Each structure stands twice: as structure tokens, then as C-alpha cells.
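Peer 1: First the structure, then my questions, so here it is.
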Amino acid sequence: MYVVRPVEIADIAALEALAAVTMPGVHTLPKTREKIAASVERSIASFAAHVDIPSEESYLFVLESLLDKSIAGTAAIFASAGSNGTYFSFRNDVIQQVSRDLNISHSVHALTLCSELTAYSQLSGFYVRNMEQAGLEAALLSRARLLFAVLAPHRFGDRFFVPLAGITDANGQSPFWDALGRKFFQMDFLDAEKVIGGARNRTLIVELMPHYPVYVPLLPGDAQAAMGQIHPSGELAFNLLTEEGFEADDYIDIFDGGPILQAHKHALRSFTGSLTRRVVAGVTPSRTGLKVHYAIASGAERNFRAVTFTCDALEAQDTVGLPPELLEALAVAEGDSVICVRI
Amino acid sequence: MLVVRAINASDLDALYGLASQVGTGMTTLKPDMKMLGDRLAIACASFAETIAPEKRDYMFVMEDTETGRLAGVCAIKGAVGLEEPFYNYRIGTLVHSSRELDVFTRMETLYLSNDLTGSTELCSLFLHPDYRSGNNGKLLSKSRFLFIAQFPHLFTEKLIAEMRGYQAPDGSSPFYEGLGRHFFKMDFHHVDDLTSLGKKSFIAELMPRQPMYVAYLPDEAQEVIGKVHLSTAPARRLLEQEGLHFEGYVDIFDAGPVLQARVSELRAMRDSMPAVLDAGAAPEACGDAAQAEPYLVSNTDLKDFRMIVTSANPHSGKLALDDDELHLLRCHQGDTVRTLSLNPRKHPHV
């Protein structure tokens with residue numbers, strides 16, 4: 001059993017241990033104790049902040065085992081991408097080329113540097129220990145961020161996106177970067193990610209990246225093949241997010257060409273499919289025998305909690321009966337409201 | 001003997017014969033009777049001054065007077081791009097720099113432009129392989145400068161010449177394969193044919209309108225930007241001697257260079273001189289035969305412009321020609337001709 005909750009100061013050591021494991025394809029997690037502490041403090045301040053308009057808040061969640069209180073994963077959500085500037089991405093454009101004289105019509109795929117994702121809310125930093133064996137708890141962790149947004153819509157935009165790491169080889173080289181970014185930055189992919197700290201909102205991007213469309217047919221084959229492709233480590237996240245309702249075709253990352261999934265909140269199951277139910281203490285005996293997996297969340301700000309629970313379908317009832325350990329994990333009592341969404 | 005002269009209506013069949021020898025890569029000279037006939041009609045109207053200067057197309061042929069055969073052709077178009085757009089890539093520079101990262105990247109870019117619209121164009125130079133010897137190539141190419149020097153008022157200040165771009169031994173254009181093919185989806189020679197037929201609207205319809213970074217192109221394509229076809233290298237040198245130079249414009253298909261000059265800065269404008277024909281001025285008669293050097297000599301008649309190359313030493317505004325040469329130029333003693341040394345002087349100001 002797991003619970004997802006806002007990060008606390010006491011988690012710093014555990015996060016450091018998590019970050020120490022080499023994670024191919026994950027370039028964005030802070031690695032040093034200083035940086036980890038900074039992101040934890042920023043998250044705590046964000047949960048505590050009174051928000052009128054989503055801005056620089058960055059919410060960090062941890063996945064905690066109820067058995068041994070160990071931290072098994074982290075996930076983050078930024079209230080407003082590029083809040084210190086502009087969030088840059090490449091937009092996939094299709095340019096229609098038609099010549100009536102020659103009776104030719106074809107389309108050319110071009111990438112355009114754009115800032116359209118600015119002010120979207122951004123999911124990031126999704127990481128689960130033992131990714132291969134992960135089960136429901138991974139889905140819970142990924143979805144908990146959105147459930148928090150369902151409970152506190154004023155803290156987020158109407159649109160969400162998630163950049164996923166693109167393809168890199170065993171040496172950390174990215175074919176997409178080599179064909180594009182390298183020509184402007186004159187450095188290796190990982191070096192560039194390091195100096196920029198995974199950010200996509202820095203002035204130096206405007207200074208260095210091409211402002212004119214990049215015509216895809218002109219890129220080398222391996223770079224074209226890497227466009228929109230995820231690093232194998234991102235497969236779990238990709239599957240969870242597409243099930244949630246995110247779409248992958250419109251934008252790619254300006255550095256490694258990885259896909260950027262995006263959606264309006266009305267297209268996301270956490271928003272459209274979540275049910276508000278009153279808590280009753282004690283598990284209601286199953287009437288149908290048809291068990292459904294739910295993510296259940298409750299609580300405002302730093303009291304936000306999310307757990308998984310398996311029970312009868314909740315559509316036809318207005319209460320949900322929870323066992324004592326989940327009542328405790330969610331910090332709710334009989335009569336409180338929770339939101340429930342099918343995993 | 002060889003004479004370069006204004007083309008006339010009776011040259012059509014011989015011109016077709018010449019055009020058949022050209023091969024690919026010259027968009028303005030294709031073996032197409034209708035096209036050549038139309039062009040010839042414009043050329044005749046140009047020398048007759050019955051059409052506006054910007055519509056004129058002065059064609060010259062080199063005739064072997066012993067056989068009556070045409071040995072070569074060349075032309076000056078009064079102005080390009082006024083009836084259908086004239087496209088080039090301008091090679092530009094964009095600097096991408098970040099102080100924060102201490103990165104300074106200088107990128108070459110290709111901008112699709114119509115910058116050369118309205119320029120006078122030297123074009124359609126072709127010398128039959130049988131005549132590629134001695135001073136023939138120079139006579140043919142440089143004859144146009146003498147014409148411009150004689151009639152500068154007919155031309156705009158900007159003069160250009162498009163040079164055939166580099167081609168691989170198999171006739172393909174590495175630049176086209178790296179760029180144009182992606183947008184036109186057809187063979188280089190097909191595109192070439194279309195442009196020669198004046199069907200240029202597809203360029204605007206199919207070519208990217210935004211600047212292109214040269215660094216995106218494959219190395220083979222990057223390397224040939226501004227490079228001429230191997231067989232065009234001598235022609236390029238001749239034009240450069242006359243004051244044209246590469247200023248960063250290239251052909252959009254094969255990236256061949258455009259050479260440019262201001263008419264007023266041409267060597268022919270500076271150095272060509274009028275001279276009165278006078279048998280008494282023969283070098284032998286003056287005792288300085290050793291000083292004689294090859295000279296271009298032309299008459300001054302627009303309608304029947306004629307030019308030869310001869311060994312001469314004009315001085316004091318006088319020049320001696322023998323009877324054959326007078327006949328080639330349709331001149332008589334006492335007429336005024338224009339002269340220009342065939343080769344640039346090593347020390348022009350001495």
C-alpha cells in the first residue's frame with residue numbers, strides 16, 4: 001500500500017538516495033543535496049502559497065510505502081511553465097505545397113520554435129523506483145498530480161503538458177541534438193542539459209536556437225527517426241499519460257526531440273471522470289464481485305493525500321467505504337468528501 | 001576569319017544547330033525551335049530599337065566567315081525579373097550568441113530573394129567545341145563589354161551573370177539533391193527545363209520562403225555553394241577580368257554563383273577607346289610592330305554591330321586595319337571604331 005503526499009523537509013535524505021541511482025533518460029531531477037533541498041523548500045512554499053493566478057509554484061509529491069515509510073518515487077507539477085520567461089518547444093507544422101501549373105501537391109513537415117506551451121501547467125520529474133515492477137502505485141503517483149489540480153483548480157492552468165525524454169544512445173548522445181542543437185550550442189547534449197538545468201525557458205534559448213522553421217526532410221535520417229520517440233525509460237509514463245487523455249503529436253522537445261504530451265483539462269480523465277463521494281468508515285461488502293481500481297484523493301494544500309483502493313464501481317452510490325488504514329493515510333473521517341477516479 | 005555580330009533573322013536554323021550542342025544546365029539556350037524563334041524575334045527588335053530597353057535581348061553570334069557557320073552565341077538581356085520573378089538565394093549571416101554560455105555561433109543562411117530584379121544580364125554564352133582555341137572564347141565573351149561600352153545608355157547600372165553551378169560527374173547537382181529535391185520532388189533536369197520554359201510560378205509555390213541555415217544541408221551540398229561547373233570555370237575567370245565579382249548570390253537550384261558589377265566600373269567602360277580608321281597608322285608603318293597586342297575592335301552601328309579581334313596598336317586615336325578586317329566590320333577608312341585590349345593590362349595605370 002502506498003500514499004502520495006506533498007514532499008516534506010524530512011524527505012530530503014531519501015530523495016538524495018533516489019537521485020543517486022543512475023537513471024538513463026532522466027536528466028531533469030536535481031542531483032545534489034543543495035538542489036534537492038531547494039526544490040523541496042520551493043514545493044513547501046508553493047503548497048503554502050495563497051494563489052490568485054498560477055505562477056512560479058512548483059509542487060513536488062512523493063510516493064511513500066505505508067509499510068515501511070520508504071520513499072518509492074517522486075513526481076512534480078509546475079503551475080505555469082516558463083513562469084520566469086517563455087517555455088520553448090518545437091511545434092510540428094505541415095506546410096502544404098501546391099503548384100497548379102505543375103499539378104503537384106505535397107506536404108512538407110517543418111518544426112517551428114514556439115512558445116505556445118508557456119503558461120500551461122507542466123507535469124515533470126516522474127520517477128518510480130524499480131520502474132519495471134511498478135504496479136498501481138506508479139499510476140497513482142502520475143495521476144495524483146492531476147487529482148491535486150482537480151481539488152485546487154485555481155492553482156493551475158486549463159491546459160497541461162508533459163515533456164518526455166527523447167532517445168539517447170549508451171553514451172548519452174542524442175541524434176536529434178546532433179543534427180540541430182549542437183550546430184548552435186557547439187556542445188554535447190548532456191553538457192547542454194547540464195548548463196541549462198533541464199529548463200526550456202532561458203533567454204539563451206532565444207539567443208541560440210533557430211528562429212526559422214526547420215524543414216524536417218533536410219535533417220539526417222537518424223534525427224528524423226528520433227523525433228517524437230521516447231527514451232525506453234519513459235515508456236511507463238507515456239502509457240499512463242496517454243491513458244489519462246494526453247496527446248503526443250503536436251510538440252516535441254527542442255533539445256532531444258522527445259514527445260511533449262499535452263491536453264486541455266477537459267480531455268483528461270482525472271477531470272472528467274472523477275467522482276466526489278462521502279466517506280464511510282469500514283469496507284462495504286462487495287455486492288457485484290466486480291472489483292475496480294480507484295485512485296482516491298482528498299485534502300487541501302499540504303494535507304493533500306492520494307491512495308489506491310479497489311472496490312465495487314462507485315458510479316451508482318454516493319458513499320465510499322474505506323478501511324481504517326486508508327482513512328488514516330488520507331487523514332479523513334466518516335462524513336468527509338473524497339474524489340475517486342478509475343485507474 | 002571570325003566575327004562576332006548582332007544576330008539577324010536568317011540565323012535561326014544555325015542557332016538551333018548550336019543549341020543542340022549545348023547539353024543540360026543552360027536554361028536560356030535549349031534546342032526548341034519555337035523558343036529560339038521567339039527569342040530571335042525579340043533580339044532583332046532589340047537591335048532595331050523597336051521595343052523598350054528593359055525588354056530587349058541583344059543576341060550576338062560568332063560567325064566563321066570562311067564557311068558561314070555559327071561558332072558561338074552570347075547575349076545581353078536588358079533587364080531580368082520584370083515580367084516573371086527572378087529568384088536567387090542570398091547568402092546571409094546570422095549570429096547566435098549567448099554571453100551566459102560563452103557560445104558564439106556564426107551561421108550562414110540562404111535567403112530566397114528577388115534582389116537582382118531589373119539588372120542587365122549577360123547570358124547564353126556558348127562556343128562550339130570545334131572553336132574552343134586561341135582567343136575565340138575571349139572574343140565571344142568580351143564582345144558584350146565592348147557593346148555595353150559603346151551603348152551604355154541602353155543598360156541599367158547593375159550587371160549580372162549567372163554561372164552554371166557545380167555538377168557531379170554523373171550530371172547530378174549535389175546542391176539540388178540536398179535541398180531542392182525535397183521541395184520539388186522531381187529531377188534537377190526537369191526543374192531546369194521548366195524554368196527555361198518560363199514556368200517559374202512553381203518556385204514561389206514550392207520553395208521554402210523562410211531563410212535556410214546552410215548547416216542543415218548535407219556536406220556535399222554545402223561544399224558546392226557558389227562553385228561553378230568545371231566547364232564554366234574559364235568563363236568565370238574572363239568575367240572577373242572584366243570587373244564582375246561574386247557578391248554572395250547563388251542560383252536556387254544548383255547554387256552556381258551570380259557574378260555582379262556596376263556598368264560604370266567595367267574595364268571596358270574605363271579602358272575602351274574610340275579610334276579613327278587610318279591605313280597610315282599601321283604598326284609596321286610606325287615602326288613599333290613589337291608593341292602590337294590583341295585588341296577587340298568594333299564598329300559603332302547598333303543595328304549591325306560587329307566585332308573582331310586583331311593584333312593592333314592604336315595610338316593617337318588612330319587605328320589601321322587591313323581590307324579583310326574592314327569588310328568584317330563593314331567599315332571604311334575614316335570611320336570611327338571602338339577598341340579595347342583583349343587582356344587587362346598588368347599595370348593599367350602606368
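Residues in the C-alpha cells are numbered from 1 in each chain, the chains being A, B, ... in the order shown, and ligands are numbered from 1 in the order shown.
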Set the distance at 12 Å and use only C-alpha atoms: which residues neighbour A:Gly245 once local chain neighbours fewer than 4 positions away are removed? I'd like the list as a ChimeraX atom specification.
Peer 2: /A:143,146,159-162,238-241,261-273
Peer 1: Which residues of chain B are close to chain A, meaning at most 12 Å apart when you count only C-alpha atoms, and how do they look as a ChimeraX atom specification?
Peer 2: /B:94-111,175-186,190-191,194-195,198-219,221
Peer 1: Report as a PDB file with C-alpha atoms, in the first residue's frame: the residues of stretch 53-302 of chain B with a DSSP assignment of helix (DSSP H, G or I), based on the backbone of this structure.
Peer 2:
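The resulting file, result35.pdb, is shown below:
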ATOM      1  CA  PRO B  53      15.111  48.950 -73.406  1.00  0.00           C
ATOM      2  CA  GLU B  54      14.121  46.743 -70.449  1.00  0.00           C
ATOM      3  CA  LYS B  55      12.511  44.215 -72.806  1.00  0.00           C
ATOM      4  CA  PRO B 129      33.720  22.777 -79.137  1.00  0.00           C
ATOM      5  CA  ASP B 130      35.401  22.959 -82.586  1.00  0.00           C
ATOM      6  CA  TYR B 131      36.241  26.594 -81.919  1.00  0.00           C
ATOM      7  CA  ASN B 136      37.933  32.766 -79.586  1.00  0.00           C
ATOM      8  CA  GLY B 137      36.397  32.326 -76.151  1.00  0.00           C
ATOM      9  CA  LYS B 138      37.638  35.713 -75.029  1.00  0.00           C
ATOM     10  CA  LEU B 139      36.387  37.409 -78.178  1.00  0.00           C
ATOM     11  CA  LEU B 140      32.951  35.941 -77.736  1.00  0.00           C
ATOM     12  CA  SER B 141      32.589  36.665 -74.020  1.00  0.00           C
ATOM     13  CA  LYS B 142      34.205  40.086 -74.022  1.00  0.00           C
ATOM     14  CA  SER B 143      32.461  41.331 -77.144  1.00  0.00           C
ATOM     15  CA  ARG B 144      29.493  42.127 -74.896  1.00  0.00           C
ATOM     16  CA  PHE B 145      31.518  44.546 -72.813  1.00  0.00           C
ATOM     17  CA  LEU B 146      32.556  46.483 -75.868  1.00  0.00           C
ATOM     18  CA  PHE B 147      28.894  46.679 -76.867  1.00  0.00           C
ATOM     19  CA  ILE B 148      27.955  47.964 -73.425  1.00  0.00           C
ATOM     20  CA  ALA B 149      30.793  50.476 -73.516  1.00  0.00           C
ATOM     21  CA  GLN B 150      29.597  51.716 -76.890  1.00  0.00           C
ATOM     22  CA  PRO B 152      25.922  52.351 -72.023  1.00  0.00           C
ATOM     23  CA  HIS B 153      22.667  54.302 -72.070  1.00  0.00           C
ATOM     24  CA  LEU B 154      20.807  51.131 -73.058  1.00  0.00           C
ATOM     25  CA  PRO B 174      24.706  17.916 -55.113  1.00  0.00           C
ATOM     26  CA  PHE B 175      23.061  21.152 -54.024  1.00  0.00           C
ATOM     27  CA  TYR B 176      19.778  20.286 -55.691  1.00  0.00           C
ATOM     28  CA  GLU B 177      19.835  16.782 -54.256  1.00  0.00           C
ATOM     29  CA  GLY B 178      20.414  18.244 -50.774  1.00  0.00           C
ATOM     30  CA  GLY B 180      15.507  21.449 -53.959  1.00  0.00           C
ATOM     31  CA  ARG B 181      14.590  17.810 -54.436  1.00  0.00           C
ATOM     32  CA  HIS B 182      12.873  17.753 -51.044  1.00  0.00           C
ATOM     33  CA  PHE B 183      10.535  20.518 -52.154  1.00  0.00           C
ATOM     34  CA  PHE B 184      10.127  19.894 -55.863  1.00  0.00           C
ATOM     35  CA  PHE B 188      17.077  18.529 -61.488  1.00  0.00           C
ATOM     36  CA  HIS B 189      16.919  18.481 -65.268  1.00  0.00           C
ATOM     37  CA  HIS B 190      13.147  18.512 -65.228  1.00  0.00           C
ATOM     38  CA  VAL B 191      13.138  21.576 -62.990  1.00  0.00           C
ATOM     39  CA  ASP B 192      15.732  23.102 -65.257  1.00  0.00           C
ATOM     40  CA  ASP B 193      13.522  22.549 -68.297  1.00  0.00           C
ATOM     41  CA  LEU B 194      10.544  24.123 -66.566  1.00  0.00           C
ATOM     42  CA  THR B 195      12.427  27.285 -65.714  1.00  0.00           C
ATOM     43  CA  SER B 196      13.716  27.590 -69.264  1.00  0.00           C
ATOM     44  CA  SER B 201       5.488  30.206 -60.569  1.00  0.00           C
ATOM     45  CA  PHE B 202       6.172  26.803 -59.043  1.00  0.00           C
ATOM     46  CA  ILE B 203       9.284  28.216 -57.394  1.00  0.00           C
ATOM     47  CA  ALA B 204       7.231  30.535 -55.271  1.00  0.00           C
ATOM     48  CA  GLU B 205       4.694  27.803 -54.662  1.00  0.00           C
ATOM     49  CA  LEU B 206       7.078  25.056 -53.668  1.00  0.00           C
ATOM     50  CA  VAL B 214      23.305  26.193 -44.595  1.00  0.00           C
ATOM     51  CA  ALA B 215      24.403  23.932 -41.728  1.00  0.00           C
ATOM     52  CA  TYR B 216      21.242  21.838 -42.181  1.00  0.00           C
ATOM     53  CA  ASP B 219      28.152  18.371 -46.573  1.00  0.00           C
ATOM     54  CA  GLU B 220      28.169  17.628 -50.324  1.00  0.00           C
ATOM     55  CA  ALA B 221      25.568  20.347 -50.832  1.00  0.00           C
ATOM     56  CA  GLN B 222      27.298  22.863 -48.569  1.00  0.00           C
ATOM     57  CA  GLU B 223      30.601  22.408 -50.372  1.00  0.00           C
ATOM     58  CA  LEU B 230      34.004  22.643 -64.170  1.00  0.00           C
ATOM     59  CA  SER B 231      33.464  23.641 -67.796  1.00  0.00           C
ATOM     60  CA  THR B 232      32.360  27.110 -66.695  1.00  0.00           C
ATOM     61  CA  ALA B 233      35.471  27.961 -64.690  1.00  0.00           C
ATOM     62  CA  PRO B 234      37.272  29.632 -67.649  1.00  0.00           C
ATOM     63  CA  ALA B 235      34.183  31.732 -68.430  1.00  0.00           C
ATOM     64  CA  ARG B 236      34.072  32.864 -64.814  1.00  0.00           C
ATOM     65  CA  ARG B 237      37.709  33.989 -64.963  1.00  0.00           C
ATOM     66  CA  LEU B 238      37.046  36.025 -68.115  1.00  0.00           C
ATOM     67  CA  LEU B 239      34.152  37.858 -66.494  1.00  0.00           C
ATOM     68  CA  GLU B 240      36.166  38.522 -63.370  1.00  0.00           C
ATOM     69  CA  GLN B 241      38.883  40.096 -65.507  1.00  0.00           C
ATOM     70  CA  VAL B 263      28.363  49.064 -65.500  1.00  0.00           C
ATOM     71  CA  SER B 264      30.390  52.184 -64.743  1.00  0.00           C
ATOM     72  CA  GLU B 265      33.124  50.093 -63.138  1.00  0.00           C
ATOM     73  CA  ARG B 267      37.111  47.598 -67.505  1.00  0.00           C
ATOM     74  CA  ALA B 268      35.548  48.226 -70.907  1.00  0.00           C
ATOM     75  CA  MET B 269      33.984  51.461 -69.644  1.00  0.00           C
ATOM     76  CA  ARG B 270      37.320  52.676 -68.294  1.00  0.00           C
ATOM     77  CA  ASP B 271      39.733  51.447 -70.919  1.00  0.00           C
ATOM     78  CA  ALA B 279      45.770  52.982 -93.011  1.00  0.00           C
ATOM     79  CA  GLY B 280      48.737  55.149 -92.175  1.00  0.00           C
ATOM     80  CA  ALA B 281      48.592  54.131 -88.520  1.00  0.00           C
ATOM     81  CA  PRO B 283      52.182  49.331 -86.641  1.00  0.00           C
ATOM     82  CA  GLU B 284      54.689  48.483 -89.374  1.00  0.00           C
ATOM     83  CA  ALA B 285      54.428  51.987 -90.682  1.00  0.00           C
ATOM     84  CA  CYS B 286      55.071  53.415 -87.256  1.00  0.00           C
ATOM     85  CA  ALA B 289      55.127  46.288 -84.527  1.00  0.00           C
ATOM     86  CA  ALA B 290      56.584  44.774 -81.394  1.00  0.00           C
ATOM     87  CA  GLN B 291      54.138  46.819 -79.357  1.00  0.00           C
TER      88      GLN B 291
END
Peer 1: What does the distance from atom CA of A:Ser298 to atom CA of A:Val338 come to in Å, to one decimal?
Peer 2: 4.9 Å
Peer 1: I need the residue nearest B:Glu49 from this list: B:Ile225, B:Leu302, B:Val22, B:Leu82. Use only C-alpha atoms for the distance.
Peer 2: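 The closest residue to B:Glu49 is B:Leu302.
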Peer 1: With DSSP run on the backbone, what are the strand (DSSP E) residues within stretch 20-231 of chain A? I'd like them as a PDB file with C-alpha atoms, in the first residue's frame.
Peer 2:
ATOM      1  CA  SER A  58       6.202  24.065  -8.200  1.00  0.00           C
ATOM      2  CA  TYR A  59       4.593  21.173  -6.356  1.00  0.00           C
ATOM      3  CA  LEU A  60       6.632  18.096  -5.559  1.00  0.00           C
ATOM      4  CA  PHE A  61       4.975  14.854  -4.492  1.00  0.00           C
ATOM      5  CA  VAL A  62       6.454  11.675  -3.067  1.00  0.00           C
ATOM      6  CA  LEU A  63       5.202   8.118  -3.242  1.00  0.00           C
ATOM      7  CA  GLU A  64       5.517   6.618   0.235  1.00  0.00           C
ATOM      8  CA  SER A  65       5.147   2.999   1.213  1.00  0.00           C
ATOM      9  CA  ILE A  71      10.056   6.795  -0.498  1.00  0.00           C
ATOM     10  CA  ALA A  72       9.459   4.865  -3.723  1.00  0.00           C
ATOM     11  CA  GLY A  73       9.059   7.677  -6.229  1.00  0.00           C
ATOM     12  CA  THR A  74       8.589  11.352  -6.943  1.00  0.00           C
ATOM     13  CA  ALA A  75       6.569  13.469  -9.336  1.00  0.00           C
ATOM     14  CA  ALA A  76       6.183  17.194  -9.813  1.00  0.00           C
ATOM     15  CA  ILE A  77       3.881  19.705 -11.391  1.00  0.00           C
ATOM     16  CA  PHE A  78       4.664  23.329 -12.238  1.00  0.00           C
ATOM     17  CA  SER A  89       9.211  23.848 -27.823  1.00  0.00           C
ATOM     18  CA  PHE A  90       9.134  22.806 -31.450  1.00  0.00           C
ATOM     19  CA  ARG A  91       5.692  22.687 -32.984  1.00  0.00           C
ATOM     20  CA  ASN A  92       5.093  20.089 -35.672  1.00  0.00           C
ATOM     21  CA  ASP A  93       3.846  22.011 -38.684  1.00  0.00           C
ATOM     22  CA  VAL A  94       2.733  20.649 -42.003  1.00  0.00           C
ATOM     23  CA  ILE A  95       3.268  23.053 -44.846  1.00  0.00           C
ATOM     24  CA  GLN A  96       1.114  22.322 -47.876  1.00  0.00           C
ATOM     25  CA  GLN A  97       2.945  22.854 -51.127  1.00  0.00           C
ATOM     26  CA  VAL A  98       0.711  23.092 -54.150  1.00  0.00           C
ATOM     27  CA  SER A  99       1.648  24.071 -57.657  1.00  0.00           C
ATOM     28  CA  ILE A 104       1.976  18.915 -57.789  1.00  0.00           C
ATOM     29  CA  SER A 105       0.698  18.749 -54.270  1.00  0.00           C
ATOM     30  CA  HIS A 106       2.662  17.544 -51.318  1.00  0.00           C
ATOM     31  CA  SER A 107       3.228  18.443 -47.727  1.00  0.00           C
ATOM     32  CA  VAL A 108       6.476  19.316 -46.020  1.00  0.00           C
ATOM     33  CA  HIS A 109       6.973  18.667 -42.338  1.00  0.00           C
ATOM     34  CA  ALA A 110       8.616  21.589 -40.544  1.00  0.00           C
ATOM     35  CA  LEU A 111       9.500  22.325 -36.937  1.00  0.00           C
ATOM     36  CA  THR A 112       8.832  25.813 -35.657  1.00  0.00           C
ATOM     37  CA  LEU A 113      10.306  27.159 -32.444  1.00  0.00           C
ATOM     38  CA  CYS A 114       7.280  28.303 -30.483  1.00  0.00           C
ATOM     39  CA  SER A 121       0.768  23.649 -16.270  1.00  0.00           C
ATOM     40  CA  GLN A 122       3.647  21.240 -16.657  1.00  0.00           C
ATOM     41  CA  LEU A 123       3.988  17.744 -15.264  1.00  0.00           C
ATOM     42  CA  SER A 124       7.588  16.673 -14.775  1.00  0.00           C
ATOM     43  CA  GLY A 125      10.074  14.752 -12.698  1.00  0.00           C
ATOM     44  CA  PHE A 126       8.109  11.492 -12.723  1.00  0.00           C
ATOM     45  CA  TYR A 127      10.279   8.758 -11.270  1.00  0.00           C
ATOM     46  CA  VAL A 128       9.434   5.439  -9.661  1.00  0.00           C
ATOM     47  CA  ARG A 159      -4.055  23.081 -20.175  1.00  0.00           C
ATOM     48  CA  PHE A 160      -1.371  20.643 -19.152  1.00  0.00           C
ATOM     49  CA  PHE A 161       1.660  19.223 -20.845  1.00  0.00           C
ATOM     50  CA  VAL A 162       4.398  16.700 -20.093  1.00  0.00           C
ATOM     51  CA  PRO A 163       7.765  16.567 -21.851  1.00  0.00           C
ATOM     52  CA  VAL A 214      13.464  23.621 -39.552  1.00  0.00           C
ATOM     53  CA  TYR A 215      12.495  21.631 -42.629  1.00  0.00           C
TER      54      TYR A 215
END
Peer 1: Could you please determine the separation between atom CA of B:Asn114 and atom CA of B:Val224 in Å, to one decimal place?
Peer 2: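 Atom CA of B:Asn114 sits 21.6 Å away from atom CA of B:Val224.
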Peer 1: Between atom CA of A:Asn303 and atom CA of A:Ser274, what is the distance in Å, rounded to a tenth?
Peer 2: 19.2 Å
Peer 1: From the set B:Asn299, B:Ser272, B:Ser316, B:Asn135, which residue has the shortest atom-to-atom contact distance to B:Ser341, counting only C-alpha atoms?
Peer 2: B:Ser272
Peer 1: Do a neighbour search on B:Asp304 at 10 Å with only C-alpha atoms, toss out local chain neighbours closer than 3 positions, and write the hits as a JSON list (two decimals) with C-alpha atoms, in the first residue's frame.
Peer 2:
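This is the output file result23.json:
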[["chain", "number", "residue", "atom", "x", "y", "z"],
["B", 5, "ARG", "CA", 27.93, 40.27, -84.87],
["B", 6, "ALA", "CA", 24.38, 41.16, -83.96],
["B", 7, "ILE", "CA", 22.14, 38.21, -84.72],
["B", 8, "ASN", "CA", 19.70, 38.53, -87.62],
["B", 47, "PHE", "CA", 18.84, 45.91, -82.29],
["B", 48, "ALA", "CA", 16.20, 47.76, -84.31],
["B", 299, "ASN", "CA", 32.05, 49.24, -85.33],
["B", 300, "THR", "CA", 29.64, 51.71, -83.77],
["B", 301, "ASP", "CA", 26.46, 50.69, -85.57],
["B", 307, "MET", "CA", 33.42, 42.94, -83.64],
["B", 329, "LEU", "CA", 33.31, 45.30, -89.61],
["B", 330, "ARG", "CA", 31.51, 46.81, -92.63]]
